[in-house]
Amino acid sequence: MGDKPAIRLGYPLIPNGSRFLLVPDVQLRKVQDLAAELGFSPADVDVLRSVYPSELSGLAVRYLIDDATYDEGPPRRRLVFLPMSWAGITPDEVVPILVEDGLHPPLPPSARTVPLPAACAAFARIAAREKRASRIRSAILKQLSSVIGESLFDMSYEGDYMEILPNDHPLAEAEELEIKHAIKEIKSWTFRKDEEWVKDILVDIYAGKKTYCDFPWEKGASLWPPF
């Protein structure tokens with residue numbers, strides 16, 4: 001299967017032990033052939049309902065990890081392969097996975113991930129080519145928000161529950177500093193020349209000038225709003 005068969009986006013989006021791997025397009029067929037040799041068959045929607053945005057793309061090759069059969073409760077664990085072209089990620093953007101999270105079985109040395117800026121650009125890229133009301137767009141933007149929140153903000157809290165304050169509640173000094181740090185960090189990111197708009201929108205979001213709904217969407221043959 002080559003030296004680099006899979007790329008892992010190593011962020012806490014899927015907490016139940018499922019694996020989602022991007023594979024070079026030319027090797028996706030090899031993945032299926034290898035799985036068939038091991039006695040595995042792709043799971044269709046009757047066996048494994050689609051619950052994650054990448055599964056709605058129509059490009060995912062999915063395998064069931066759990067043997068249990070149930071239709072309610074948490075989603076069943078799955079192993080999902082997608083072509084790299086779906087996310088628009090190129091081989092030169094991938095980097096080694098240096099530290100395992102300790103929550104899942106170790107990955108093979110051939111697995112790779114992408115830096116945070118490249119991951120965020122991929123999410124924005126996917127969202128921008130979807131219709132405004134698309135389920136994929138809505139879910140992808142939520143995941144983009146989750147990635148940035150987990151990476152740049154302190155998402156922990158003390159006590160038995162987290163108190164949700166109203167939007168008009170004044171920010172604490174620590175929260176204001178955290179936002180300033182996040183904006184500074186995002187401004188330092190490097191994007192492709194034709195994707196600097198991703199940085200601009202993210203900065204405006206955390207400066208309180210825009211929301212994630214302001215990311216462009218596909219309208220006919222072009223993006224909207226235009227840049």
# chains A, B, ... in the order shown; residues from 1 in each chain; ligands from 1

call {"tool": "select_by_dssp", "arguments": {"residues": "stretch 9-202 of chain A", "states": "helix (DSSP H, G or I)", "output": "MDAnalysis selection string"}}
result
chainID A and resid 25:37 53:57 84:87 91:93 116:128 135:152 173:188 193:202

call {"tool": "select_by_dssp", "arguments": {"residues": "stretch 50-183 of chain A", "states": "strand (DSSP E)", "output": "list in words"}}
result
Val61, Arg62, Tyr63, Leu64, Arg78, Leu79, Val80, Phe81, Leu82, Pro83, Val95, Pro96, Ala111, Arg112 and Thr113 of chain A

call {"tool": "residues_around", "arguments": {"residues": "stretch 37-45 of chain A", "least_positions_apart": "5", "cutoff": "7 Å", "atoms": "only C-alpha atoms", "output": "PyMOL selection string"}}
result
chain A and resi 50+61-64

call {"tool": "residues_around", "arguments": {"residues": "A:Ser18", "least_positions_apart": "4", "cutoff": "9 Å", "atoms": "only C-alpha atoms", "output": "number ranges by chain"}}
result
A: 14, 65, 76-80

call {"tool": "residues_around", "arguments": {"residues": "A:Ala127", "least_positions_apart": "2", "cutoff": "10 Å", "atoms": "only C-alpha atoms", "output": "list in words"}}
result
Ala87, Ala121, Ala122, Phe123, Ala124, Arg125, Arg129, Glu130, Lys131, Arg132, Ser134, Arg135, Ile136, Arg137, Ser138, Ala139, Ile140, Leu141, Leu144, Phe215, Pro216, Trp217 and Glu218 of chain A

call {"tool": "write_last_selection", "arguments": {"atoms": "N, CA and C atoms", "output": "tab-separated table (two decimals), in the first residue's frame"}}
result
chain	number	residue	atom	x	y	z
A	87	ALA	N	-10.98	16.31	1.13
A	87	ALA	CA	-10.60	17.42	2.01
A	87	ALA	C	-9.68	18.41	1.32
A	121	ALA	N	-8.22	24.73	7.37
A	121	ALA	CA	-8.43	25.08	5.96
A	121	ALA	C	-9.24	24.00	5.25
A	122	ALA	N	-8.98	22.74	5.59
A	122	ALA	CA	-9.72	21.64	4.97
A	122	ALA	C	-11.20	21.71	5.34
A	123	PHE	N	-11.49	21.96	6.62
A	123	PHE	CA	-12.88	22.09	7.04
A	123	PHE	C	-13.57	23.23	6.29
A	124	ALA	N	-12.89	24.38	6.21
A	124	ALA	CA	-13.46	25.54	5.53
A	124	ALA	C	-13.68	25.25	4.05
A	125	ARG	N	-12.74	24.55	3.45
A	125	ARG	CA	-12.82	24.19	2.03
A	125	ARG	C	-14.04	23.31	1.76
A	129	ARG	N	-17.86	24.48	-0.38
A	129	ARG	CA	-18.37	23.91	-1.63
A	129	ARG	C	-19.75	23.27	-1.46
A	130	GLU	N	-20.32	23.40	-0.26
A	130	GLU	CA	-21.65	22.86	0.01
A	130	GLU	C	-22.71	23.96	-0.10
A	131	LYS	N	-23.94	23.54	-0.35
A	131	LYS	CA	-25.06	24.48	-0.32
A	131	LYS	C	-25.21	25.02	1.10
A	132	ARG	N	-25.82	26.20	1.21
A	132	ARG	CA	-25.90	26.86	2.51
A	132	ARG	C	-26.63	26.01	3.55
A	134	SER	N	-26.87	22.74	3.57
A	134	SER	CA	-26.38	21.37	3.54
A	134	SER	C	-26.10	20.83	4.94
A	135	ARG	N	-26.47	19.58	5.18
A	135	ARG	CA	-26.15	18.93	6.46
A	135	ARG	C	-24.65	18.80	6.64
A	136	ILE	N	-23.95	18.54	5.55
A	136	ILE	CA	-22.49	18.41	5.64
A	136	ILE	C	-21.88	19.74	6.07
A	137	ARG	N	-22.33	20.83	5.45
A	137	ARG	CA	-21.79	22.15	5.79
A	137	ARG	C	-22.01	22.47	7.27
A	138	SER	N	-23.22	22.26	7.74
A	138	SER	CA	-23.54	22.55	9.14
A	138	SER	C	-22.67	21.74	10.09
A	139	ALA	N	-22.54	20.44	9.81
A	139	ALA	CA	-21.76	19.57	10.69
A	139	ALA	C	-20.27	19.89	10.62
A	140	ILE	N	-19.77	20.19	9.43
A	140	ILE	CA	-18.35	20.51	9.26
A	140	ILE	C	-17.99	21.79	10.00
A	141	LEU	N	-18.84	22.80	9.94
A	141	LEU	CA	-18.56	24.05	10.64
A	141	LEU	C	-18.59	23.84	12.15
A	144	LEU	N	-15.26	22.32	12.87
A	144	LEU	CA	-14.21	23.35	12.81
A	144	LEU	C	-14.19	24.15	14.10
A	215	PHE	N	-19.10	31.83	6.80
A	215	PHE	CA	-18.24	31.16	5.84
A	215	PHE	C	-18.99	31.04	4.52
A	216	PRO	N	-18.29	31.16	3.41
A	216	PRO	CA	-18.97	31.12	2.10
A	216	PRO	C	-19.58	29.75	1.84
A	217	TRP	N	-20.50	29.72	0.92
A	217	TRP	CA	-21.14	28.48	0.52
A	217	TRP	C	-21.28	28.46	-0.99
A	218	GLU	N	-21.56	27.28	-1.51
A	218	GLU	CA	-21.67	27.13	-2.96
A	218	GLU	C	-23.04	27.63	-3.42

call {"tool": "closest_residue", "arguments": {"among": "A:Leu34, A:Ile148, A:Leu28, A:Ile97", "to": "A:Thr113", "atoms": "only C-alpha atoms"}}
result
A:Ile97

call {"tool": "residues_around", "arguments": {"residues": "A:Leu82", "least_positions_apart": "4", "cutoff": "10 Å", "atoms": "only C-alpha atoms", "output": "list in words"}}
result
Ala6, Ile7, Phe20, Leu21, Leu22, Val23, Pro24, Asp25, Leu28, Ser54, Glu55, Ser57, Gly58, Leu59, Ala60, Val61, Arg62, Trp86 and Ala87 of chain A
